[in-house]
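Shown below: protein-v7.cif, with mmCIF, C-alpha atoms.
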data_upload
loop_
_atom_site.label_atom_id
_atom_site.label_comp_id
_atom_site.auth_asym_id
_atom_site.auth_seq_id
_atom_site.Cartn_x
_atom_site.Cartn_y
_atom_site.Cartn_z
CA MET A 1 -9.05 34.47 2.48
CA ALA A 2 -12.20 32.59 1.49
CA ALA A 3 -13.98 30.72 4.28
CA VAL A 4 -13.73 26.94 4.17
CA GLN A 5 -17.15 25.39 3.60
CA ALA A 6 -18.21 23.06 6.42
CA PRO A 7 -19.01 19.48 5.34
CA THR A 8 -22.68 18.73 4.76
CA PRO A 9 -23.89 15.70 6.75
CA VAL A 10 -25.27 12.89 4.59
CA SER A 11 -28.29 12.74 6.95
CA GLN A 12 -29.16 16.28 5.83
CA ILE A 13 -28.75 15.43 2.14
CA ILE A 14 -30.99 12.36 2.25
CA ALA A 15 -33.72 14.20 4.13
CA ASN A 16 -36.71 14.58 1.79
CA GLY A 17 -36.93 18.02 0.26
CA TYR A 18 -33.17 18.71 0.34
CA ARG A 19 -32.27 21.61 -1.93
CA GLY A 20 -28.65 22.65 -1.68
CA GLU A 21 -27.53 26.19 -2.46
CA PHE A 22 -25.90 25.54 -5.82
CA GLY A 23 -26.60 28.82 -7.62
CA PRO A 24 -28.89 29.78 -10.52
CA GLY A 25 -29.45 27.25 -13.29
CA ASN A 26 -28.58 24.29 -11.08
CA GLN A 27 -31.12 21.73 -9.92
CA CYS A 28 -30.91 19.02 -7.27
CA ARG A 29 -33.58 16.63 -6.02
CA VAL A 30 -33.13 13.92 -3.39
CA THR A 31 -35.88 11.36 -2.76
CA ARG A 32 -35.70 8.99 0.21
CA VAL A 33 -37.91 6.04 1.10
CA THR A 34 -37.43 4.26 4.43
CA LEU A 35 -38.25 0.61 3.81
CA HIS A 36 -37.22 -1.09 7.06
CA GLY A 37 -35.40 -0.35 10.26
CA GLY A 38 -31.89 0.10 8.95
CA LEU A 39 -32.75 0.09 5.23
CA ASP A 40 -33.29 3.21 3.09
CA LEU A 41 -33.63 3.77 -0.64
CA VAL A 42 -32.24 7.12 -1.85
CA ARG A 43 -32.37 8.64 -5.31
CA TRP A 44 -30.12 11.61 -6.23
CA GLN A 45 -31.03 13.61 -9.36
CA SER A 46 -29.12 16.76 -10.21
CA THR A 47 -28.14 18.97 -13.12
CA PHE A 48 -25.25 21.39 -12.63
CA ALA A 49 -24.37 23.70 -15.50
CA GLN A 50 -21.16 24.71 -13.75
CA PRO A 51 -18.81 22.48 -11.73
CA VAL A 52 -20.00 21.97 -8.15
CA GLU A 53 -17.87 20.79 -5.23
CA LEU A 54 -19.73 19.57 -2.16
CA PRO A 55 -17.84 18.74 1.08
CA LEU A 56 -19.51 15.77 2.80
CA GLN A 57 -19.50 14.01 6.14
CA ASP A 58 -20.97 10.50 6.15
CA ASP A 59 -22.97 10.28 9.38
CA SER A 60 -25.43 7.75 7.91
CA GLU A 61 -23.96 4.69 9.67
CA ARG A 62 -24.97 2.74 6.56
CA ILE A 63 -23.26 0.70 3.85
CA HIS A 64 -24.04 2.33 0.49
CA PHE A 65 -24.77 0.11 -2.51
CA SER A 66 -24.89 2.83 -5.15
CA PHE A 67 -25.60 2.60 -8.90
CA THR A 68 -25.42 5.48 -11.40
CA HIS A 69 -28.29 4.97 -13.80
CA ARG A 70 -27.55 8.02 -15.97
CA LEU A 71 -24.61 10.43 -16.28
CA LYS A 72 -24.30 13.16 -18.89
CA GLY A 73 -21.16 14.97 -17.86
CA LYS A 74 -18.51 14.21 -15.25
CA ALA A 75 -18.58 13.27 -11.59
CA HIS A 76 -16.18 11.91 -9.01
CA CYS A 77 -15.74 11.72 -5.25
CA SER A 78 -12.78 11.57 -2.92
CA PHE A 79 -12.38 10.37 0.66
CA HIS A 80 -9.60 10.36 3.20
CA ASP A 81 -8.74 6.75 4.00
CA GLY A 82 -6.66 7.52 7.07
CA ARG A 83 -3.49 8.13 5.05
CA ARG A 84 -4.42 10.15 1.99
CA HIS A 85 -7.31 11.38 -0.15
CA THR A 86 -8.26 8.85 -2.82
CA ARG A 87 -10.26 9.93 -5.85
CA HIS A 88 -12.93 7.67 -7.37
CA ALA A 89 -14.53 8.30 -10.77
CA ILE A 90 -18.31 7.91 -11.05
CA ASN A 91 -19.35 6.26 -14.33
CA GLU A 92 -22.67 5.73 -16.06
CA GLY A 93 -24.00 2.18 -15.80
CA ALA A 94 -21.69 1.30 -12.92
CA GLY A 95 -21.97 0.90 -9.17
CA SER A 96 -19.94 1.10 -5.98
CA ILE A 97 -19.98 -0.24 -2.41
CA SER A 98 -18.88 2.29 0.21
CA PHE A 99 -18.84 2.57 3.99
CA GLY A 100 -17.17 4.94 6.43
CA ARG A 101 -18.36 6.09 9.83
CA SER A 102 -18.19 9.91 10.07
CA ARG A 103 -15.53 10.12 7.35
CA GLU A 104 -15.26 13.30 5.32
CA GLY A 105 -14.83 13.72 1.59
CA LEU A 106 -15.66 15.77 -1.49
CA TYR A 107 -18.22 15.23 -4.24
CA HIS A 108 -17.65 16.88 -7.64
CA GLN A 109 -20.14 17.07 -10.50
CA GLN A 110 -20.78 18.94 -13.72
CA GLY A 111 -23.69 17.93 -15.95
CA GLU A 112 -26.63 15.62 -15.23
CA ILE A 113 -26.72 12.55 -12.99
CA ASP A 114 -29.37 10.09 -11.81
CA ASN A 115 -28.22 7.74 -9.05
CA ILE A 116 -29.98 5.16 -6.88
CA THR A 117 -28.51 3.98 -3.55
CA VAL A 118 -29.58 1.25 -1.15
CA MET A 119 -28.34 2.26 2.30
CA ILE A 120 -28.23 -0.60 4.79
CA ASN A 121 -27.20 -0.89 8.42
CA PRO A 122 -24.27 -3.33 8.79
CA GLN A 123 -26.14 -5.26 11.50
CA LEU A 124 -29.13 -5.75 9.19
CA LEU A 125 -26.88 -7.02 6.41
CA ALA A 126 -25.35 -9.48 8.88
CA GLN A 127 -28.85 -10.71 9.82
CA TRP A 128 -29.50 -11.63 6.18
CA ASP A 129 -26.78 -14.27 6.53
CA VAL A 130 -25.38 -13.48 3.08
CA GLU A 131 -21.93 -14.55 1.94
CA ILE A 132 -19.42 -11.71 2.31
CA ASP A 133 -16.08 -12.44 0.68
CA PRO A 134 -12.94 -11.79 2.78
CA THR A 135 -11.82 -8.75 0.76
CA LEU A 136 -15.17 -7.00 1.14
CA GLY A 137 -15.35 -8.01 4.80
CA SER A 138 -11.94 -6.46 5.49
CA ALA A 139 -12.86 -3.28 3.58
CA LEU A 140 -16.08 -2.86 5.58
CA ALA A 141 -14.27 -3.56 8.86
CA CYS A 142 -11.67 -0.82 8.29
CA GLU A 143 -14.50 1.69 7.70
CA HIS A 144 -12.68 3.33 4.78
CA CYS A 145 -14.40 1.24 2.13
CA PHE A 146 -14.94 2.36 -1.47
CA LEU A 147 -15.05 -0.45 -4.03
CA ASP A 148 -16.24 0.48 -7.50
CA GLY A 149 -16.57 -0.75 -11.08
CA TYR A 150 -19.55 -3.07 -10.60
CA ARG A 151 -21.53 -3.60 -13.82
CA SER A 152 -24.09 -6.07 -15.12
CA GLY A 153 -27.21 -6.00 -17.26
CA GLU A 154 -29.35 -7.20 -14.34
CA MET A 155 -27.93 -4.53 -12.04
CA SER A 156 -28.64 -1.80 -14.56
CA ALA A 157 -32.18 -3.07 -15.21
CA THR A 158 -32.96 -3.25 -11.48
CA ALA A 159 -31.66 0.29 -10.90
CA HIS A 160 -33.77 1.47 -13.86
CA LEU A 161 -36.89 -0.15 -12.35
CA LEU A 162 -36.26 1.51 -8.99
CA CYS A 163 -35.72 4.95 -10.54
CA ASN A 164 -38.92 4.64 -12.59
CA ALA A 165 -40.88 3.46 -9.56
CA MET A 166 -39.85 6.53 -7.57
CA ASP A 167 -41.16 8.76 -10.40
CA LEU A 168 -44.72 7.40 -10.19
CA SER A 169 -47.45 9.64 -8.78
CA GLN A 170 -48.72 6.54 -6.95
CA PRO A 171 -45.48 4.86 -5.91
CA ARG A 172 -45.03 1.11 -5.72
CA SER A 173 -45.72 -0.63 -2.43
CA SER A 174 -43.01 -0.67 0.21
CA LEU A 175 -42.84 -4.47 -0.16
CA TRP A 176 -42.06 -4.17 -3.90
CA LEU A 177 -39.41 -1.50 -3.28
CA TYR A 178 -37.92 -3.62 -0.48
CA GLY A 179 -37.74 -6.66 -2.77
CA GLN A 180 -36.05 -4.76 -5.60
CA SER A 181 -33.62 -3.12 -3.15
CA VAL A 182 -32.63 -6.52 -1.76
CA THR A 183 -32.23 -7.74 -5.36
CA LEU A 184 -29.87 -4.86 -6.16
CA VAL A 185 -27.74 -5.62 -3.09
CA SER A 186 -27.63 -9.32 -4.01
CA LEU A 187 -26.45 -8.41 -7.54
CA PHE A 188 -23.60 -6.37 -6.06
CA LEU A 189 -22.57 -9.35 -3.94
CA GLN A 190 -22.87 -11.63 -6.98
CA ALA A 191 -20.59 -9.25 -8.89
CA ARG A 192 -18.10 -9.61 -6.02
CA ARG A 193 -18.04 -13.37 -6.61
CA ASN A 194 -17.39 -12.78 -10.31
CA LEU A 195 -14.31 -10.62 -9.69
CA ALA A 196 -12.03 -13.55 -10.56
CA CYS A 197 -13.07 -13.11 -14.19
CA THR A 198 -12.35 -9.37 -14.42
CA CYS A 199 -9.10 -9.38 -12.48
CA ARG A 200 -7.43 -11.10 -15.46
CA LEU A 201 -7.90 -7.89 -17.44
CA SER A 202 -4.85 -5.66 -17.42
CA PRO A 203 -5.31 -1.93 -16.68
CA LEU A 204 -4.53 -1.21 -20.36
CA ASP A 205 -7.19 -3.66 -21.56
CA ARG A 206 -9.73 -2.14 -19.16
CA GLN A 207 -8.94 1.31 -20.58
CA ARG A 208 -9.30 0.02 -24.14
CA LEU A 209 -12.62 -1.68 -23.36
CA LEU A 210 -14.00 1.45 -21.70
CA ARG A 211 -12.96 3.45 -24.78
CA ALA A 212 -14.64 0.86 -27.03
CA ARG A 213 -17.85 1.08 -24.98
CA GLU A 214 -17.84 4.87 -25.24
CA TYR A 215 -17.36 4.62 -29.03
CA LEU A 216 -20.09 1.96 -29.27
CA LEU A 217 -22.64 4.15 -27.48
CA ALA A 218 -21.70 7.46 -29.15
CA ASP A 219 -24.52 7.02 -31.72
CA LEU A 220 -27.42 4.86 -30.53
CA GLY A 221 -29.02 5.09 -33.97
CA LYS A 222 -26.46 2.76 -35.51
CA ALA A 223 -23.92 0.44 -33.95
CA PRO A 224 -20.42 0.24 -35.47
CA SER A 225 -19.29 -3.11 -36.87
CA LEU A 226 -17.15 -5.41 -34.74
CA PRO A 227 -14.07 -4.89 -36.95
CA GLU A 228 -14.48 -1.12 -36.68
CA LEU A 229 -14.93 -1.29 -32.92
CA ALA A 230 -11.91 -3.58 -32.53
CA ARG A 231 -9.74 -1.16 -34.56
CA GLU A 232 -10.91 1.74 -32.41
CA ALA A 233 -10.04 -0.18 -29.24
CA GLY A 234 -6.73 -1.49 -30.57
CA MET A 235 -7.74 -5.08 -29.81
CA SER A 236 -8.49 -8.23 -31.78
CA GLN A 237 -12.17 -9.10 -32.26
CA PRO A 238 -12.03 -12.23 -30.05
CA LYS A 239 -10.29 -10.31 -27.26
CA LEU A 240 -12.81 -7.46 -27.59
CA THR A 241 -15.87 -9.71 -27.36
CA ARG A 242 -14.36 -11.72 -24.50
CA GLY A 243 -13.42 -8.50 -22.69
CA PHE A 244 -16.98 -7.14 -22.95
CA ARG A 245 -18.29 -10.32 -21.33
CA GLN A 246 -15.74 -10.05 -18.54
CA LEU A 247 -15.97 -6.32 -17.80
CA PHE A 248 -19.59 -5.49 -18.66
CA ALA A 249 -21.23 -8.91 -18.13
CA ASN A 250 -22.81 -8.65 -21.59
CA SER A 251 -22.01 -9.05 -25.28
CA VAL A 252 -20.97 -6.06 -27.40
CA TYR A 253 -24.40 -5.74 -28.99
CA GLY A 254 -26.09 -6.65 -25.71
CA VAL A 255 -24.52 -3.52 -24.22
CA PHE A 256 -25.69 -1.52 -27.24
CA GLN A 257 -29.27 -2.82 -27.12
CA HIS A 258 -29.52 -2.26 -23.38
CA ALA A 259 -28.40 1.35 -23.79
CA ARG A 260 -31.03 1.88 -26.52
CA MET A 261 -33.79 0.45 -24.33
CA THR A 262 -32.70 2.57 -21.38
#
Let me see whether you can do it: turn the structure in this file into C-alpha cells.
Amino acid sequence: MAAVQAPTPVSQIIANGYRGEFGPGNQCRVTRVTLHGGLDLVRWQSTFAQPVELPLQDDSERIHFSFTHRLKGKAHCSFHDGRRHTRHAINEGAGSISFGRSREGLYHQQGEIDNITVMINPQLLAQWDVEIDPTLGSALACEHCFLDGYRSGEMSATAHLLCNAMDLSQPRSSLWLYGQSVTLVSLFLQARRNLACTCRLSPLDRQRLLRAREYLLADLGKAPSLPELAREAGMSQPKLTRGFRQLFANSVYGVFQHARMT
C-alpha cells in the first residue's frame, strides 16, 4: 500500500526559495514579500508537464485574496468544509477569497500557472475599517471560506502590475507594492458589492458566457464577429453583450483587447 503523503504547510510553501519535489521537467517558483506586520504578497509560478497533486495544510492564519494572472492548462483545489470536500476550479483572469485556520485540502495542476495572492491577517483587515458585507463576514467567521469567480479589468490589470514588479531585478519599493496590494484587496471587496448584478445570471447563462469567452480568446489575432460569437454561445446579441458586462465587468471587445495587451 502506498504511503499517504503528509500535507505541506502553507508557511513552508510561501517561504522564499521553496522548490517542491515534483519530478523531472516540472518547475515551481514561489516569491514572497512581507510588506507589513500581517500583510504578505506571494507569487506562485509553476509549470507541470504531468498532473501534480499537492496535499496542503493552511497554517498561514491569513485571508487569501488570490488572482490567477495566467493559466495554460488546468488547476483546481478542494477543501474539507467540516462536512465534505468541495472542489473549486481555478480559472485564468479570475480571483478568489479564502480563509481557513489549519484546514487541509488538495491542490491539483497540470500546465502553467502564474498567480498573485495578497495574504492579510484578519485583525489587520479589521483595522482598515473597510465595509465587509454580511455574506463575506459569515464566510470568514466560519473559517471554511472559499468564494470565487471574481473578475474585472481593474483587478486583472493590478495583478499584472504586481506580477511584473516582482520580476524586476530592482524591485519596486515596499510602499508601492503595499499600495497596489491594498488596491487589489479593495477591488475584491468592490466586486463583492457588485454581486447583485451577476446573481441574476442563471447557471446555464454563466456556462454559455464562459464558453463564449473561451471562443473569443481562442485566436488573439482576430476577434470573431458578435453574431458569430452569439451563435457559438447560443444567446442573442443583446443578452451576450449584457452578460459580458455583468460577468466579466467589461464589453466583449474590451475583454478581447485586454487579453491581447496582457
Who sits within 9 Å of A:Glu143, all atoms listed in the file, same chain under 6 positions skipped, as a PyMOL selection string: chain A and resi 81+98-101+103
My list of candidates is A:Glu61, A:Glu104, A:Glu92, A:Asp219. Which is closest to A:His80 when distances are computed with only C-alpha atoms? A:Glu104
Selection dump of the PyMOL selection byres ((chain A and resi 87-89) around 8), as a list in words: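 Taken on the displayed file, the PyMOL selection byres ((chain A and resi 87-89) around 8) yields the residues Ala75, His76, Cys77, Ser78, Phe79, His85, Thr86, Ile90, Asn91 and Asp148 of chain A.
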Residues in the PyMOL selection byres ((chain A and resi 110) around 6), expressed as a PyMOL selection string: chain A and resi 48+50-51+73-74+109+111
Any idea what the distance is between atom CA of A:Asn250 and atom CA of A:Arg192? 16.3 Å
Do you have, as a tab-separated table, the list of residues of stretch 104-213 of chain A lying at most 12 Å from stretch 252-262 of chain A, each with its nearest atom pair and that distance in Å to one decimal, counting only C-alpha atoms and ordered by chain then number?
residue	atom	partner	partner_atom	distance
A:Arg151	CA	A:Val255	CA	10.8
A:Ser152	CA	A:Val255	CA	9.5
A:Gly153	CA	A:His258	CA	7.5
A:Glu154	CA	A:His258	CA	10.3
A:Met155	CA	A:His258	CA	11.7
A:Ser156	CA	A:His258	CA	8.9
A:Ala157	CA	A:Thr262	CA	8.4
A:Thr158	CA	A:Thr262	CA	11.5
A:Ala159	CA	A:Thr262	CA	10.8
A:His160	CA	A:Thr262	CA	7.7
A:Leu161	CA	A:Thr262	CA	10.3
A:Cys163	CA	A:Thr262	CA	11.5
A:Asn164	CA	A:Thr262	CA	11.0
A:Leu209	CA	A:Val252	CA	10.3
A:Leu210	CA	A:Val252	CA	11.7
A:Ala212	CA	A:Val252	CA	9.4
A:Arg213	CA	A:Val255	CA	8.1
Selection to disk with C-alpha atoms, as a compact mmCIF listing (two decimals), in the coordinates of the input:
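Writing the result to out_3.txt gives the following:
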# COMPACT_ATOMS: atom_id res chain seq x y z
CA ARG A 151 -21.53 -3.60 -13.82
CA SER A 152 -24.09 -6.07 -15.12
CA GLY A 153 -27.21 -6.00 -17.26
CA GLU A 154 -29.35 -7.20 -14.34
CA MET A 155 -27.93 -4.53 -12.04
CA SER A 156 -28.64 -1.80 -14.56
CA ALA A 157 -32.18 -3.07 -15.21
CA THR A 158 -32.96 -3.25 -11.48
CA ALA A 159 -31.66 0.29 -10.90
CA HIS A 160 -33.77 1.47 -13.86
CA LEU A 161 -36.89 -0.15 -12.35
CA CYS A 163 -35.72 4.95 -10.54
CA ASN A 164 -38.92 4.64 -12.59
CA LEU A 209 -12.62 -1.68 -23.36
CA LEU A 210 -14.00 1.45 -21.70
CA ALA A 212 -14.64 0.86 -27.03
CA ARG A 213 -17.85 1.08 -24.98
Just so the selection is clear, what residues does the PyMOL selection byres ((chain A and resi 124) around 10) cover here, as a VMD selection string? chain A and resid 36 to 39 62 120 to 123 125 to 129
First collect every listed atom of stretch 22-31 of chain A; then fit an axis-aligned box around them, widen it by 3 Å on each side, and give centre and edge lengths in Å to one decimal, as AutoDock Vina command-line options.
--center_x -30.9 --center_y 20.6 --center_z -8.0 --size_x 16.0 --size_y 24.4 --size_z 16.5
To one decimal in Å, tell me the separation between atom CA of A:Asp133 and atom CA of A:Ser202.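 It comes out at 22.4 Å.
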Which of A:Val10, A:Val182, A:Leu162, A:Ile97 sits closest to A:Phe146 [using all atoms listed in the file]: A:Ile97
Just want the 8 Å neighbourhood of A:Leu189, counted on all atoms listed in the file, with same-chain residues fewer than 3 positions away dropped. Output as JSON, numbers by chain. {"A": [131, 132, 185, 186, 192, 193]}
Kindly save the residues from that selection, with C-alpha atoms included, as a PDB file, in the frame of the given file.
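Final output, out18.pdb:
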ATOM      1  CA  GLU A 131     -21.930 -14.550   1.940  1.00  0.00           C
ATOM      2  CA  ILE A 132     -19.420 -11.710   2.310  1.00  0.00           C
ATOM      3  CA  VAL A 185     -27.740  -5.620  -3.090  1.00  0.00           C
ATOM      4  CA  SER A 186     -27.630  -9.320  -4.010  1.00  0.00           C
ATOM      5  CA  ARG A 192     -18.100  -9.610  -6.020  1.00  0.00           C
ATOM      6  CA  ARG A 193     -18.040 -13.370  -6.610  1.00  0.00           C
TER       7      ARG A 193
END
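Using only C-alpha atoms, the shortest contact distance between A:Cys28 and any of A:Ser236, A:Gln180, A:Thr47, A:Ser173 is found at A:Thr47.
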Considering only C-alpha atoms, state which residue in the set A:Val52, A:Ala165, A:Leu240, A:Ile63 is at the smallest distance from A:Gly137.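 For A:Gly137, the nearest of the given residues is A:Ile63.
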For a test of reading the model, state the distance in Å between atom CA of A:Arg208 and atom CA of A:Met235, rounded to one decimal. 7.8 Å
Residue with the minimum atom-to-atom distance to A:Phe188, picked from A:Leu106, A:Leu41, A:Ala94, A:Leu229 with all atoms listed in the file counted, is A:Ala94
With distances taken over all atoms listed in the file, which of A:Arg43, A:Leu56, A:Leu136, A:Thr68 is nearest to A:Gly95? A:Thr68
